[in-house]
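Structure file work.cif with mmCIF, C-alpha atoms:
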```
data_coords
loop_
_atom_site.label_atom_id
_atom_site.label_comp_id
_atom_site.auth_asym_id
_atom_site.auth_seq_id
_atom_site.Cartn_x
_atom_site.Cartn_y
_atom_site.Cartn_z
CA MET S 20 105.11 84.53 165.03
CA ASP S 21 101.60 85.96 165.14
CA LEU S 22 100.04 85.42 161.70
CA TYR S 23 97.05 87.68 162.37
CA PRO S 24 98.29 90.46 160.01
CA LEU S 25 98.48 87.95 157.13
CA TYR S 26 95.01 86.59 157.84
CA ASN S 27 93.62 90.10 158.13
CA SER S 28 95.32 91.31 154.94
CA LEU S 29 94.05 88.30 153.01
CA ARG S 30 90.43 88.71 154.10
CA ILE S 31 90.44 92.46 153.47
CA ALA S 32 91.96 91.91 150.02
CA ALA S 33 89.52 89.09 149.21
CA ILE S 34 86.39 90.99 150.23
CA SER S 35 87.53 94.18 148.51
CA SER S 36 88.31 92.23 145.33
CA ILE S 37 84.78 90.82 145.30
CA PHE S 38 83.30 94.32 145.67
CA VAL S 39 85.63 95.74 143.07
CA PHE S 40 84.82 92.88 140.68
CA PHE S 41 81.14 93.81 140.54
CA ILE S 42 81.48 97.59 140.80
CA GLY S 43 84.38 97.73 138.34
CA ILE S 44 82.64 95.59 135.72
CA ALA S 45 79.37 97.51 136.08
CA ALA S 46 81.17 100.85 135.75
CA ALA S 47 83.16 99.66 132.73
CA TYR S 48 80.03 98.30 131.05
CA TYR S 49 77.71 101.23 131.62
CA ILE S 50 80.22 104.02 130.97
CA ALA S 51 80.54 102.90 127.34
CA LYS S 52 76.86 103.75 126.76
CA LEU S 53 77.03 107.30 128.11
CA PRO S 54 77.28 110.51 126.07
CA ARG S 55 80.85 111.59 125.42
CA VAL S 56 81.13 114.50 127.88
CA LEU S 57 79.72 112.56 130.82
CA LYS S 58 81.92 109.62 129.87
CA GLY S 59 85.02 111.82 129.96
CA ILE S 60 84.15 113.26 133.36
CA LEU S 61 83.31 109.90 134.94
CA ASP S 62 86.40 108.26 133.46
CA VAL S 63 88.61 110.86 135.16
CA LEU S 64 86.71 110.45 138.41
CA PHE S 65 86.94 106.64 138.33
CA THR S 66 90.66 106.66 137.55
CA LEU S 67 91.58 109.37 140.05
CA PRO S 68 92.25 107.01 143.02
CA LEU S 69 94.94 105.35 140.89
CA VAL S 70 97.05 108.50 140.75
CA LEU S 71 96.08 110.21 143.99
CA PRO S 72 98.32 109.56 147.00
CA PRO S 73 96.53 106.95 149.13
CA THR S 74 96.74 109.38 152.05
CA VAL S 75 94.54 111.78 150.12
CA VAL S 76 92.02 108.97 149.54
CA GLY S 77 92.24 108.13 153.25
CA TYR S 78 91.68 111.76 154.18
CA LEU S 79 88.65 112.04 151.91
CA LEU S 80 87.22 108.81 153.32
CA LEU S 81 87.67 110.11 156.87
CA LEU S 82 85.84 113.29 155.83
CA ALA S 83 82.83 111.11 155.00
CA LEU S 84 83.07 108.18 157.40
CA GLY S 85 84.79 109.69 160.46
CA PRO S 86 82.79 109.51 163.73
CA LYS S 87 82.06 113.23 163.65
CA ARG S 88 81.32 113.35 159.94
CA PRO S 89 77.91 112.97 158.24
CA ILE S 90 77.90 109.26 157.33
CA GLY S 91 79.93 108.28 160.38
CA THR S 92 77.54 110.10 162.73
CA PHE S 93 74.55 108.54 161.01
CA PHE S 94 75.78 105.00 161.58
CA LEU S 95 76.92 105.77 165.12
CA GLU S 96 73.60 107.29 166.17
CA ASN S 97 71.32 104.78 164.48
CA TRP S 98 73.10 101.48 164.92
CA ASP S 99 75.93 102.32 167.30
CA ILE S 100 78.41 101.28 164.62
CA ARG S 101 81.76 103.00 164.35
CA LEU S 102 82.92 102.94 160.72
CA THR S 103 86.59 103.66 161.42
CA MET S 104 89.27 101.79 163.35
CA GLN S 105 87.65 98.38 162.74
CA TRP S 106 89.35 95.61 160.82
CA TRP S 107 86.73 96.01 158.07
CA SER S 108 87.24 99.77 157.84
CA ALA S 109 90.22 98.93 155.65
CA ILE S 110 87.80 97.46 153.10
CA PHE S 111 86.50 100.98 152.32
CA ALA S 112 90.01 102.25 151.77
CA VAL S 113 91.22 99.28 149.76
CA THR S 114 88.09 99.15 147.58
CA VAL S 115 88.45 102.79 146.58
CA VAL S 116 92.19 102.59 145.94
CA VAL S 117 91.94 99.36 143.93
CA PHE S 118 88.77 100.17 141.98
CA PRO S 119 90.52 101.96 139.07
CA LEU S 120 92.63 98.87 138.34
CA MET S 121 89.58 96.66 137.90
CA TYR S 122 87.63 99.35 136.09
CA ARG S 123 90.37 100.02 133.54
CA THR S 124 91.22 96.37 132.84
CA ALA S 125 87.54 95.49 132.46
CA ARG S 126 87.01 98.45 130.14
CA GLY S 127 89.95 97.39 128.01
CA ALA S 128 88.58 93.87 127.81
CA PHE S 129 85.08 95.09 126.90
CA GLU S 130 86.47 97.32 124.16
CA ARG S 131 87.94 94.27 122.41
CA PHE S 132 84.56 92.51 122.45
CA ASP S 133 83.03 91.79 119.04
CA GLU S 134 79.68 93.64 119.26
CA ASN S 135 78.32 91.49 116.41
CA LEU S 136 78.11 88.63 118.91
CA ALA S 137 75.80 90.65 121.16
CA ASP S 138 73.77 91.78 118.16
CA ALA S 139 73.49 88.21 116.89
CA GLY S 140 72.33 87.13 120.33
CA ARG S 141 69.67 89.80 120.40
CA THR S 142 68.25 88.84 117.00
CA LEU S 143 68.12 85.24 118.28
CA GLY S 144 65.89 86.40 121.13
CA LEU S 145 68.47 86.20 123.92
CA SER S 146 67.93 88.62 126.80
CA ASN S 147 70.52 91.30 127.46
CA THR S 148 71.28 89.73 130.85
CA TYR S 149 71.95 86.35 129.24
CA ILE S 150 74.16 87.95 126.60
CA PHE S 151 76.13 89.81 129.27
CA TRP S 152 76.81 86.83 131.54
CA ARG S 153 77.02 84.03 128.98
CA ILE S 154 78.58 85.68 125.94
CA ARG S 155 80.23 89.00 126.79
CA LEU S 156 81.88 88.03 130.09
CA PRO S 157 83.20 84.66 128.86
CA TYR S 158 84.63 86.42 125.80
CA CYS S 159 86.43 88.94 128.01
CA LYS S 160 87.25 86.36 130.66
CA GLN S 161 91.02 86.58 130.58
CA GLY S 162 91.13 90.35 130.83
CA ILE S 163 88.67 90.34 133.68
CA ILE S 164 90.44 87.61 135.64
CA ALA S 165 93.71 89.48 135.16
CA GLY S 166 91.97 92.58 136.52
CA VAL S 167 90.74 90.72 139.61
CA VAL S 168 94.13 89.19 140.34
CA LEU S 169 95.88 92.53 139.86
CA SER S 170 93.33 94.20 142.15
CA PHE S 171 93.85 91.50 144.76
CA ALA S 172 97.62 92.00 144.61
CA ARG S 173 97.32 95.76 144.97
CA ALA S 174 94.75 95.29 147.76
CA LEU S 175 97.19 93.16 149.75
CA GLY S 176 99.76 95.93 149.63
CA GLU S 177 97.55 98.93 150.40
CA TYR S 178 99.05 100.97 153.20
CA GLY S 179 98.34 104.71 153.13
CA ALA S 180 94.55 104.90 153.15
CA THR S 181 94.28 101.77 155.33
CA SER S 182 96.52 103.15 158.06
CA MET S 183 94.47 106.34 158.16
CA ILE S 184 91.05 104.77 158.38
CA ALA S 185 91.79 101.53 160.26
CA GLY S 186 94.98 102.46 162.08
CA TYR S 187 97.26 99.85 163.63
CA THR S 188 95.90 97.81 166.51
CA PRO S 189 97.77 94.49 166.93
CA GLY S 190 95.38 91.56 166.66
CA LYS S 191 92.59 93.81 165.44
CA THR S 192 93.35 96.10 162.52
CA ALA S 193 96.96 95.14 161.84
CA THR S 194 97.70 94.17 158.23
CA VAL S 195 100.97 93.01 156.70
CA SER S 196 101.80 96.46 155.40
CA THR S 197 100.93 98.31 158.59
CA ALA S 198 102.77 95.66 160.63
CA VAL S 199 105.97 96.19 158.61
CA TYR S 200 105.85 99.91 159.27
CA GLN S 201 105.13 99.41 162.98
CA LEU S 202 107.89 96.80 163.38
CA TRP S 203 110.42 99.02 161.64
CA ARG S 204 109.36 101.99 163.78
CA THR S 205 109.85 100.01 166.98
CA GLY S 206 113.19 98.61 165.81
CA ASN S 207 112.04 94.99 165.48
CA ASP S 208 114.06 94.32 162.32
CA GLU S 209 114.03 90.55 162.63
CA LEU S 210 110.25 90.29 162.43
CA ALA S 211 109.97 93.12 159.93
CA ILE S 212 112.21 91.23 157.48
CA LYS S 213 110.02 88.13 157.80
CA TRP S 214 106.91 90.09 156.86
CA VAL S 215 108.74 91.82 154.03
CA LEU S 216 109.76 88.44 152.59
CA ILE S 217 106.22 87.08 152.92
CA ASN S 218 104.92 90.17 151.17
CA ILE S 219 107.39 89.87 148.30
CA ALA S 220 106.59 86.17 147.87
CA ILE S 221 102.83 86.72 147.67
CA SER S 222 103.14 89.64 145.26
CA ALA S 223 105.52 87.70 142.99
CA VAL S 224 103.14 84.75 142.81
CA VAL S 225 100.22 87.00 141.99
CA LEU S 226 102.12 88.80 139.23
CA LEU S 227 103.18 85.46 137.80
CA VAL S 228 99.51 84.45 137.65
CA VAL S 229 98.65 87.72 135.86
CA ASN S 230 101.36 87.07 133.26
CA LEU S 231 100.26 83.50 132.70
CA LEU S 232 96.71 84.70 132.17
CA GLU S 233 97.65 87.40 129.69
CA LYS S 234 99.92 85.37 127.43
CA PRO S 235 97.47 82.99 125.71
CA GLN S 236 95.22 85.96 124.95
CA ARG S 237 98.00 87.65 123.00
CA ARG S 238 98.88 84.49 121.14
CA ARG S 239 95.33 84.04 119.94
CA ARG S 240 95.29 87.47 118.37
CA MET K 12 55.56 90.59 103.30
CA LEU K 13 58.36 92.89 104.36
CA TYR K 14 57.90 96.60 103.85
CA VAL K 15 60.73 99.01 104.54
CA ASP K 16 60.68 102.78 104.20
CA ILE K 17 63.29 104.35 106.44
CA GLU K 18 65.71 107.24 106.71
CA LYS K 19 68.81 107.44 108.84
CA ARG K 20 71.54 110.06 108.88
CA LEU K 21 75.00 108.55 108.68
CA ASP K 22 78.46 110.10 108.58
CA ARG K 23 78.86 110.22 104.81
CA PHE K 24 75.25 110.31 103.58
CA THR K 25 71.64 109.86 104.59
CA LEU K 26 70.38 106.33 104.18
CA LYS K 27 67.04 106.25 102.37
CA ALA K 28 65.90 102.68 101.95
CA LYS K 29 62.51 101.94 100.48
CA PHE K 30 61.36 98.58 99.17
CA ARG K 31 58.76 95.92 99.54
CA CYS K 32 59.38 92.22 99.38
CA ASP K 33 56.54 89.73 98.90
CA HIS K 34 57.33 86.03 99.30
CA SER K 35 60.43 86.47 97.24
CA THR K 36 64.15 86.88 97.47
CA LEU K 37 65.33 90.43 97.05
CA ALA K 38 68.94 91.50 96.65
CA LEU K 39 70.29 94.75 97.99
CA PHE K 40 73.10 95.27 95.54
CA GLY K 41 75.76 97.94 95.81
CA ALA K 42 79.36 98.80 96.57
CA SER K 43 80.70 98.31 100.07
CA GLY K 44 79.83 101.22 102.30
CA ALA K 45 76.65 101.98 100.37
CA GLY K 46 74.43 101.31 103.37
CA LYS K 47 73.42 97.71 102.69
CA SER K 48 74.41 96.27 106.06
CA MET K 49 73.01 99.32 107.84
CA THR K 50 69.64 98.64 106.20
CA LEU K 51 69.69 95.07 107.53
CA LYS K 52 70.67 96.34 110.98
CA CYS K 53 67.69 98.70 110.94
CA ILE K 54 65.32 95.89 109.91
CA SER K 55 66.61 93.66 112.70
CA GLY K 56 66.43 96.41 115.31
CA ILE K 57 70.16 96.57 116.03
CA GLU K 58 70.22 100.14 114.71
CA LYS K 59 67.41 102.64 114.97
CA PRO K 60 66.35 104.64 111.91
CA ASP K 61 65.66 108.37 112.37
CA LYS K 62 62.25 107.99 110.84
CA GLY K 63 60.11 105.67 108.77
CA VAL K 64 58.22 102.40 108.90
CA ILE K 65 59.24 98.76 108.91
CA GLN K 66 56.50 96.18 108.65
CA LEU K 67 56.81 92.41 108.62
CA ASN K 68 53.64 90.53 107.62
CA ASP K 69 50.96 91.83 110.00
CA ARG K 70 53.40 93.22 112.55
CA VAL K 71 54.78 96.74 112.67
CA LEU K 72 58.42 96.42 113.76
CA PHE K 73 59.16 100.10 113.64
CA ASP K 74 57.11 103.23 113.16
CA SER K 75 58.66 106.53 114.14
CA GLU K 76 55.35 108.39 114.12
CA LYS K 77 53.56 105.89 116.32
CA HIS K 78 56.66 105.48 118.47
CA ILE K 79 56.83 101.76 117.81
CA ASP K 80 60.31 100.25 118.04
CA LEU K 81 60.33 96.53 118.82
CA PRO K 82 63.57 95.25 120.36
CA PRO K 83 65.57 92.81 118.18
CA GLN K 84 64.49 90.00 120.50
CA LYS K 85 60.85 90.41 119.46
CA ARG K 86 61.29 91.00 115.73
CA ARG K 87 61.81 87.36 114.70
CA VAL K 88 64.38 88.26 112.13
CA GLY K 89 66.95 85.68 111.04
CA TYR K 90 70.16 87.62 110.56
CA LEU K 91 73.16 85.85 109.03
CA PHE K 92 76.18 88.00 109.92
CA GLN K 93 79.06 88.52 107.57
CA GLU K 94 81.55 86.60 109.71
CA TYR K 95 78.68 84.49 111.10
CA ALA K 96 79.14 85.81 114.69
CA LEU K 97 79.13 82.35 116.28
CA PHE K 98 79.55 82.42 120.06
CA PRO K 99 83.20 81.33 120.51
CA ASN K 100 82.70 80.02 124.05
CA MET K 101 79.89 77.64 123.08
CA THR K 102 79.90 74.37 121.17
CA VAL K 103 78.05 73.89 117.89
CA SER K 104 75.08 72.45 119.82
CA GLY K 105 75.27 75.30 122.32
CA ASN K 106 75.21 77.86 119.54
CA ILE K 107 72.19 76.26 117.92
CA THR K 108 70.19 75.81 121.13
CA ALA K 109 70.95 79.39 122.23
CA GLY K 110 68.21 80.55 119.84
CA MET K 111 65.53 78.28 121.31
CA ARG K 112 65.85 78.77 125.03
CA LYS K 113 62.13 79.42 125.33
CA LEU K 114 61.19 75.93 124.14
CA PRO K 115 60.72 73.11 126.68
CA LYS K 116 63.74 70.87 127.00
CA ASN K 117 62.50 67.80 125.13
CA LYS K 118 61.30 69.89 122.18
CA ARG K 119 64.64 71.66 122.14
CA GLU K 120 66.57 68.40 121.88
CA LEU K 121 64.29 67.18 119.11
CA LYS K 122 64.70 70.37 117.12
CA LEU K 123 68.46 70.32 117.67
CA CYS K 124 68.65 66.80 116.22
CA GLU K 125 66.55 67.88 113.28
CA LEU K 126 68.73 70.91 112.54
CA ILE K 127 71.98 68.96 112.98
CA GLY K 128 70.69 66.55 110.33
CA GLN K 129 69.30 69.21 108.04
CA PHE K 130 72.53 71.21 108.00
CA GLN K 131 74.83 68.17 107.87
CA LEU K 132 76.53 68.91 111.15
CA GLU K 133 76.70 65.33 112.43
CA GLY K 134 79.90 64.73 114.37
CA LEU K 135 80.54 68.45 114.95
CA GLU K 136 78.08 68.83 117.86
CA ASN K 137 80.75 69.33 120.51
CA ARG K 138 83.25 71.32 118.46
CA ARG K 139 83.94 74.99 119.08
CA PRO K 140 83.53 77.55 116.28
CA ASP K 141 87.26 78.29 116.00
CA SER K 142 87.90 74.67 114.92
CA LEU K 143 85.36 74.76 112.08
CA SER K 144 85.92 75.49 108.39
CA GLY K 145 84.23 78.47 106.74
CA GLY K 146 81.51 76.32 105.19
CA GLU K 147 80.82 74.55 108.47
CA LYS K 148 80.60 77.85 110.31
CA GLN K 149 78.06 79.07 107.81
CA ARG K 150 75.92 75.96 108.26
CA VAL K 151 76.05 76.31 112.05
CA ALA K 152 75.04 79.97 111.77
CA LEU K 153 72.13 79.02 109.50
CA ALA K 154 71.02 76.21 111.82
CA ARG K 155 71.15 78.64 114.73
CA ILE K 156 69.00 81.13 112.85
CA PHE K 157 66.39 78.52 111.93
CA ALA K 158 66.31 77.34 115.55
CA SER K 159 64.76 80.68 116.46
CA SER K 160 61.96 80.30 113.84
CA PRO K 161 62.47 83.56 111.95
CA GLU K 162 59.85 85.18 109.75
CA VAL K 163 62.34 86.81 107.44
CA LEU K 164 65.90 85.93 106.42
CA LEU K 165 68.57 88.61 106.20
CA LEU K 166 71.78 87.38 104.58
CA ASP K 167 74.67 89.83 104.91
CA GLU K 168 77.33 88.97 102.32
CA PRO K 169 76.99 85.27 103.13
CA PHE K 170 79.93 84.23 100.93
CA SER K 171 82.39 87.03 101.60
CA SER K 172 84.57 85.02 103.97
CA LEU K 173 84.67 81.89 101.82
CA ASP K 174 87.05 81.10 98.98
CA THR K 175 85.71 81.28 95.43
CA LEU K 176 85.49 77.55 94.80
CA LEU K 177 83.57 76.89 98.00
CA LYS K 178 81.34 79.82 97.25
CA TYR K 179 80.20 78.33 93.93
CA LYS K 180 79.61 75.01 95.63
CA LEU K 181 77.53 76.66 98.34
CA ILE K 182 75.37 78.91 96.20
CA PRO K 183 73.00 76.09 95.09
CA TYR K 184 72.88 74.92 98.70
CA ILE K 185 71.84 78.34 99.96
CA ARG K 186 69.32 78.57 97.11
CA GLY K 187 67.76 75.36 98.40
CA ILE K 188 67.62 76.72 101.94
CA ILE K 189 65.97 79.94 100.81
CA ARG K 190 63.43 77.93 98.81
CA ASP K 191 62.62 75.63 101.74
CA PHE K 192 62.28 78.61 104.03
CA GLY K 193 59.61 80.05 101.74
CA GLY K 194 59.43 83.46 103.42
CA GLU K 195 60.98 86.76 102.46
CA THR K 196 64.73 86.80 102.10
CA ILE K 197 66.95 89.84 101.72
CA LEU K 198 70.42 89.20 100.37
CA VAL K 199 73.06 91.86 100.72
CA SER K 200 75.82 91.52 98.15
CA HIS K 201 78.29 93.41 96.03
CA ASP K 202 78.73 90.47 93.63
CA ILE K 203 76.36 90.44 90.64
CA ASP K 204 77.03 86.71 89.98
CA GLU K 205 75.80 85.82 93.44
CA VAL K 206 72.75 88.00 93.00
CA ARG K 207 71.90 86.48 89.60
CA GLN K 208 72.04 82.98 90.99
CA LEU K 209 70.00 83.64 94.11
CA CYS K 210 67.55 86.47 93.56
CA ALA K 211 64.92 87.16 90.96
CA GLU K 212 64.78 90.81 91.89
CA VAL K 213 67.28 93.41 92.91
CA SER K 214 67.18 96.82 94.51
CA PRO K 215 70.40 98.65 93.58
CA ILE K 216 71.70 100.93 96.32
CA THR K 217 74.18 103.78 95.90
CA ASP K 218 75.31 106.16 98.65
CA GLY K 219 72.49 105.04 100.88
CA ILE K 220 69.64 105.45 98.41
CA THR K 221 67.78 102.41 97.09
CA ARG K 222 66.50 102.48 93.54
CA GLU K 223 63.25 100.91 92.43
CA ILE K 224 63.17 97.12 92.40
CA ILE K 225 64.02 95.63 89.02
CA HIS K 226 64.31 92.09 87.63
CA THR K 227 67.81 90.82 88.14
CA GLU K 228 68.29 89.84 84.49
CA ALA K 229 67.15 93.22 83.23
CA TYR K 230 69.49 94.90 85.69
CA TYR K 231 72.32 92.62 84.67
CA GLN K 232 71.84 93.59 81.02
CA GLN K 233 71.94 97.24 82.07
CA ILE K 234 75.24 97.05 83.89
CA LYS K 235 76.69 94.78 81.23
CA LYS K 236 75.91 97.44 78.67
CA GLN K 237 77.40 100.15 80.88
CA TYR K 238 80.51 98.05 81.24
CA GLU K 239 80.80 97.50 77.49
CA ASP K 240 80.31 101.21 76.81
CA LEU K 241 83.19 101.90 79.14
CA LYS K 242 85.39 99.56 77.15
#
```
Take the structure in the file and write it out as structure tokens.
Amino acid sequence: MDLYPLYNSLRIAAISSIFVFFIGIAAAYYIAKLPRVLKGILDVLFTLPLVLPPTVVGYLLLLALGPKRPIGTFFLENWDIRLTMQWWSAIFAVTVVVFPLMYRTARGAFERFDENLADAGRTLGLSNTYIFWRIRLPYCKQGIIAGVVLSFARALGEYGATSMIAGYTPGKTATVSTAVYQLWRTGNDELAIKWVLINIAISAVVLLVVNLLEKPQRRRR
Amino acid sequence: MLYVDIEKRLDRFTLKAKFRCDHSTLALFGASGAGKSMTLKCISGIEKPDKGVIQLNDRVLFDSEKHIDLPPQKRRVGYLFQEYALFPNMTVSGNITAGMRKLPKNKRELKLCELIGQFQLEGLENRRPDSLSGGEKQRVALARIFASSPEVLLLDEPFSSLDTLLKYKLIPYIRGIIRDFGGETILVSHDIDEVRQLCAEVSPITDGITREIIHTEAYYQQIKKQYEDLK
């Protein structure tokens, strides 16, 4: 059995989760400081990929990154890089689709933060950067880790946008989810079932981790 | 010397705080929600007044006309929060040293030892705040404040989260700390007993407006009389 789809899915999910970790936390942190109207608009925009069909996200991404589209042409002409149909093209798709999960969990965690701690830190002369990384993030740790794990789980399962922007090339862009579809389409039930079981096992483990992370937080409150 | 003359619009009223404190301990006395804590937050730079002046010794901390607004980090204000606001992810030592990160390491250790001794925290160095009693938390918070060498002490209802018995035990202790500190101290309280035991002067505050500073005993006689008239 060729394990390339698993390896590819894992690396796409891992890299996307790292991106989403930083972008999601930054968005969640800075949005709280914005005026109400702008906050409302951005919040809708940031959450949209969660409710949009992934095919719509994929279509929009192709509008920007496709070889004949503005950004795609720019990269092709200047560096001879094609942004679609590479294994890493899926990272664009997965990052966008998964971003709302991280953003919303991080925002929820930040909202429970006791602002007096940040204020106390400031009167003690601590820099805002120090307060953010050493006081705010550790305080919201559980929520943020849960967000990362949840994002990783969702990233592993992304199909719609990935298949549109990276396609299915065995040994190149194939992921677990696209492999399952391809195997079913070509009538290879035996192998399809194997991938389905692998997928269920990974997702179950990840959800278990999320639950374990969330429980002690509730007990403390 | 601490001079405050500020205005800030709030939801229910406009805060108008004006007082001057010279090497003494001044109480801001009033009901909860009267703007006492907000005044402390303005002095420390956590909140920004709409207009006015705040001056601490020879430094202007805030001046709306000259567009001066020092960040809290540069004000050197020792703020004791109501629930002490200890960093839950750090040990007692970590909390105390957080306020002196600019000192070289050996000086930091020396000062930490000193403060641990001064605030009777021996044996608690590696404990986390959630395993401390109310009195211990307060001493850690005070040690942390003094680690950052403040020029003024702001005490926001320092006894509100302690039980009555402990409170009466701690009042003389806090009085000693204020005396040793020697600089200006502002105590925010809604308890006249506390104020009488800690402050010679009081500035009553109602709906955000501070009245002229008056001797605590004179003020106490006033409200006692009011209370008796009511009876």
message: As an exercise, work out the distance from atom CA of Val213 of chain K to atom CA of Thr227 of chain K in Å and give it to one decimal place.
response: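 Straight-line distance from atom CA of Val213 of chain K to atom CA of Thr227 of chain K works out to 5.5 Å.
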Output as JSON lines one row per residue of chain K within 10 Å of chain S: the closest atom pair and its distance in Å to one decimal place, counting all atoms listed in the file, sorted by chain and residue number ascending.
```
{"residue": "K:Lys52", "atom": "CA", "partner": "S:Asp138", "partner_atom": "CA", "distance": 9.1}
{"residue": "K:Ser55", "atom": "CA", "partner": "S:Thr142", "partner_atom": "CA", "distance": 6.7}
{"residue": "K:Gly56", "atom": "CA", "partner": "S:Thr142", "partner_atom": "CA", "distance": 8.0}
{"residue": "K:Ile57", "atom": "CA", "partner": "S:Asp138", "partner_atom": "CA", "distance": 6.4}
{"residue": "K:Glu58", "atom": "CA", "partner": "S:Asp138", "partner_atom": "CA", "distance": 9.7}
{"residue": "K:Pro82", "atom": "CA", "partner": "S:Arg141", "partner_atom": "CA", "distance": 8.2}
{"residue": "K:Pro83", "atom": "CA", "partner": "S:Thr142", "partner_atom": "CA", "distance": 4.9}
{"residue": "K:Gln84", "atom": "CA", "partner": "S:Gly144", "partner_atom": "CA", "distance": 3.9}
{"residue": "K:Lys85", "atom": "CA", "partner": "S:Gly144", "partner_atom": "CA", "distance": 6.7}
{"residue": "K:Arg86", "atom": "CA", "partner": "S:Thr142", "partner_atom": "CA", "distance": 7.4}
{"residue": "K:Arg87", "atom": "CA", "partner": "S:Thr142", "partner_atom": "CA", "distance": 7.0}
{"residue": "K:Val88", "atom": "CA", "partner": "S:Thr142", "partner_atom": "CA", "distance": 6.2}
{"residue": "K:Gly89", "atom": "CA", "partner": "S:Thr142", "partner_atom": "CA", "distance": 6.9}
{"residue": "K:Tyr90", "atom": "CA", "partner": "S:Thr142", "partner_atom": "CA", "distance": 6.8}
{"residue": "K:Leu91", "atom": "CA", "partner": "S:Ala139", "partner_atom": "CA", "distance": 8.2}
{"residue": "K:Phe92", "atom": "CA", "partner": "S:Ala139", "partner_atom": "CA", "distance": 7.5}
{"residue": "K:Gln93", "atom": "CA", "partner": "S:Asn135", "partner_atom": "CA", "distance": 9.4}
{"residue": "K:Glu94", "atom": "CA", "partner": "S:Asn135", "partner_atom": "CA", "distance": 8.9}
{"residue": "K:Tyr95", "atom": "CA", "partner": "S:Ala139", "partner_atom": "CA", "distance": 8.6}
{"residue": "K:Ala96", "atom": "CA", "partner": "S:Leu136", "partner_atom": "CA", "distance": 5.2}
{"residue": "K:Leu97", "atom": "CA", "partner": "S:Leu136", "partner_atom": "CA", "distance": 6.9}
{"residue": "K:Phe98", "atom": "CA", "partner": "S:Leu136", "partner_atom": "CA", "distance": 6.5}
{"residue": "K:Pro99", "atom": "CA", "partner": "S:Tyr158", "partner_atom": "CA", "distance": 7.5}
{"residue": "K:Asn100", "atom": "CA", "partner": "S:Pro157", "partner_atom": "CA", "distance": 6.7}
{"residue": "K:Met101", "atom": "CA", "partner": "S:Ile154", "partner_atom": "CA", "distance": 8.6}
{"residue": "K:Asn106", "atom": "CA", "partner": "S:Gly140", "partner_atom": "CA", "distance": 9.7}
{"residue": "K:Ile107", "atom": "CA", "partner": "S:Leu143", "partner_atom": "CA", "distance": 9.9}
{"residue": "K:Ala109", "atom": "CA", "partner": "S:Leu145", "partner_atom": "CA", "distance": 7.4}
{"residue": "K:Gly110", "atom": "CA", "partner": "S:Leu143", "partner_atom": "CA", "distance": 4.9}
{"residue": "K:Met111", "atom": "CA", "partner": "S:Leu143", "partner_atom": "CA", "distance": 8.0}
{"residue": "K:Arg112", "atom": "CA", "partner": "S:Leu145", "partner_atom": "CA", "distance": 8.0}
{"residue": "K:Lys113", "atom": "CA", "partner": "S:Gly144", "partner_atom": "CA", "distance": 9.0}
{"residue": "K:Ala152", "atom": "CA", "partner": "S:Ala139", "partner_atom": "CA", "distance": 9.8}
{"residue": "K:Arg155", "atom": "CA", "partner": "S:Leu143", "partner_atom": "CA", "distance": 8.1}
{"residue": "K:Ile156", "atom": "CA", "partner": "S:Leu143", "partner_atom": "CA", "distance": 6.9}
{"residue": "K:Phe157", "atom": "CA", "partner": "S:Leu143", "partner_atom": "CA", "distance": 9.4}
{"residue": "K:Ala158", "atom": "CA", "partner": "S:Leu143", "partner_atom": "CA", "distance": 8.6}
{"residue": "K:Ser159", "atom": "CA", "partner": "S:Leu143", "partner_atom": "CA", "distance": 5.9}
{"residue": "K:Ser160", "atom": "CA", "partner": "S:Leu143", "partner_atom": "CA", "distance": 9.1}
{"residue": "K:Pro161", "atom": "CA", "partner": "S:Leu143", "partner_atom": "CA", "distance": 8.6}
```
Residues within 9 Å of Ala33 of chain S, only C-alpha atoms, excluding chain neighbours under 6 positions, as a compact mmCIF listing (two decimals) with C-alpha atoms, keeping the file's coordinate frame:
```txt
# COMPACT_ATOMS: atom_id res chain seq x y z
CA PHE S 171 93.85 91.50 144.76
CA ALA S 174 94.75 95.29 147.76
CA LEU S 175 97.19 93.16 149.75
```
- prompt: Please, what distance in Å, to one decimal, runs between atom CA of Ala198 of chain S and atom CA of Thr103 of chain S?
  reply: 18.1 Å
query: Counting only C-alpha atoms, what is within 9 Å of segment 204-215 of chain S, bar same-chain residues fewer than 6 positions away, as an MDAnalysis selection string?
result: chainID S and resid 20 25 195:196 198
message: Given the PyMOL selection byres ((chain K and resi 14-22) around 10) and the file above, list the residues it selects as number ranges by chain.
response: K: 12-13, 23-33, 46, 49-50, 53-54, 58-68, 71-75, 219-220
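Rounded to one decimal, atom CA of Gln149 of chain K and atom CA of Cys159 of chain S lie 24.0 Å from each other.
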message: To test your reading of the syntax: which residues would the PyMOL selection byres ((chain S and resi 226) around 12) return for the file shown? Reply as a ChimeraX atom specification.
response: /S:165-173,219-225,227-233
message: When you count all atoms listed in the file, which of these residues is closest to Pro169 of chain K: K:Thr217, K:Ile225, K:Ser48, K:Thr102?
response: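 So, comparing all the options, the nearest one is K:Ser48.
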task: Please identify all polymer residues within 12 Å of Phe41 of chain S, counting all atoms listed in the file, omitting same-chain residues fewer than 4 positions from it, and present them as JSON, numbers by chain.
output: {"S": [34, 35, 36, 37, 45, 46, 47, 48, 114, 118, 121, 122, 125, 156, 163, 166, 167]}
message: Excluding Thr194 of chain S and its own-chain neighbours fewer than 2 positions away, which residues fall within 8 Å of it when counting all atoms listed in the file? Please give them as a ChimeraX atom specification.
response: /S:23-25,27-28,187,192,196-198
Ground truth for the PyMOL selection byres ((chain K and resi 186) around 12), written as a PyMOL selection string: chain K and resi 35-36+166+169+179-185+187-193+196+198+205-211
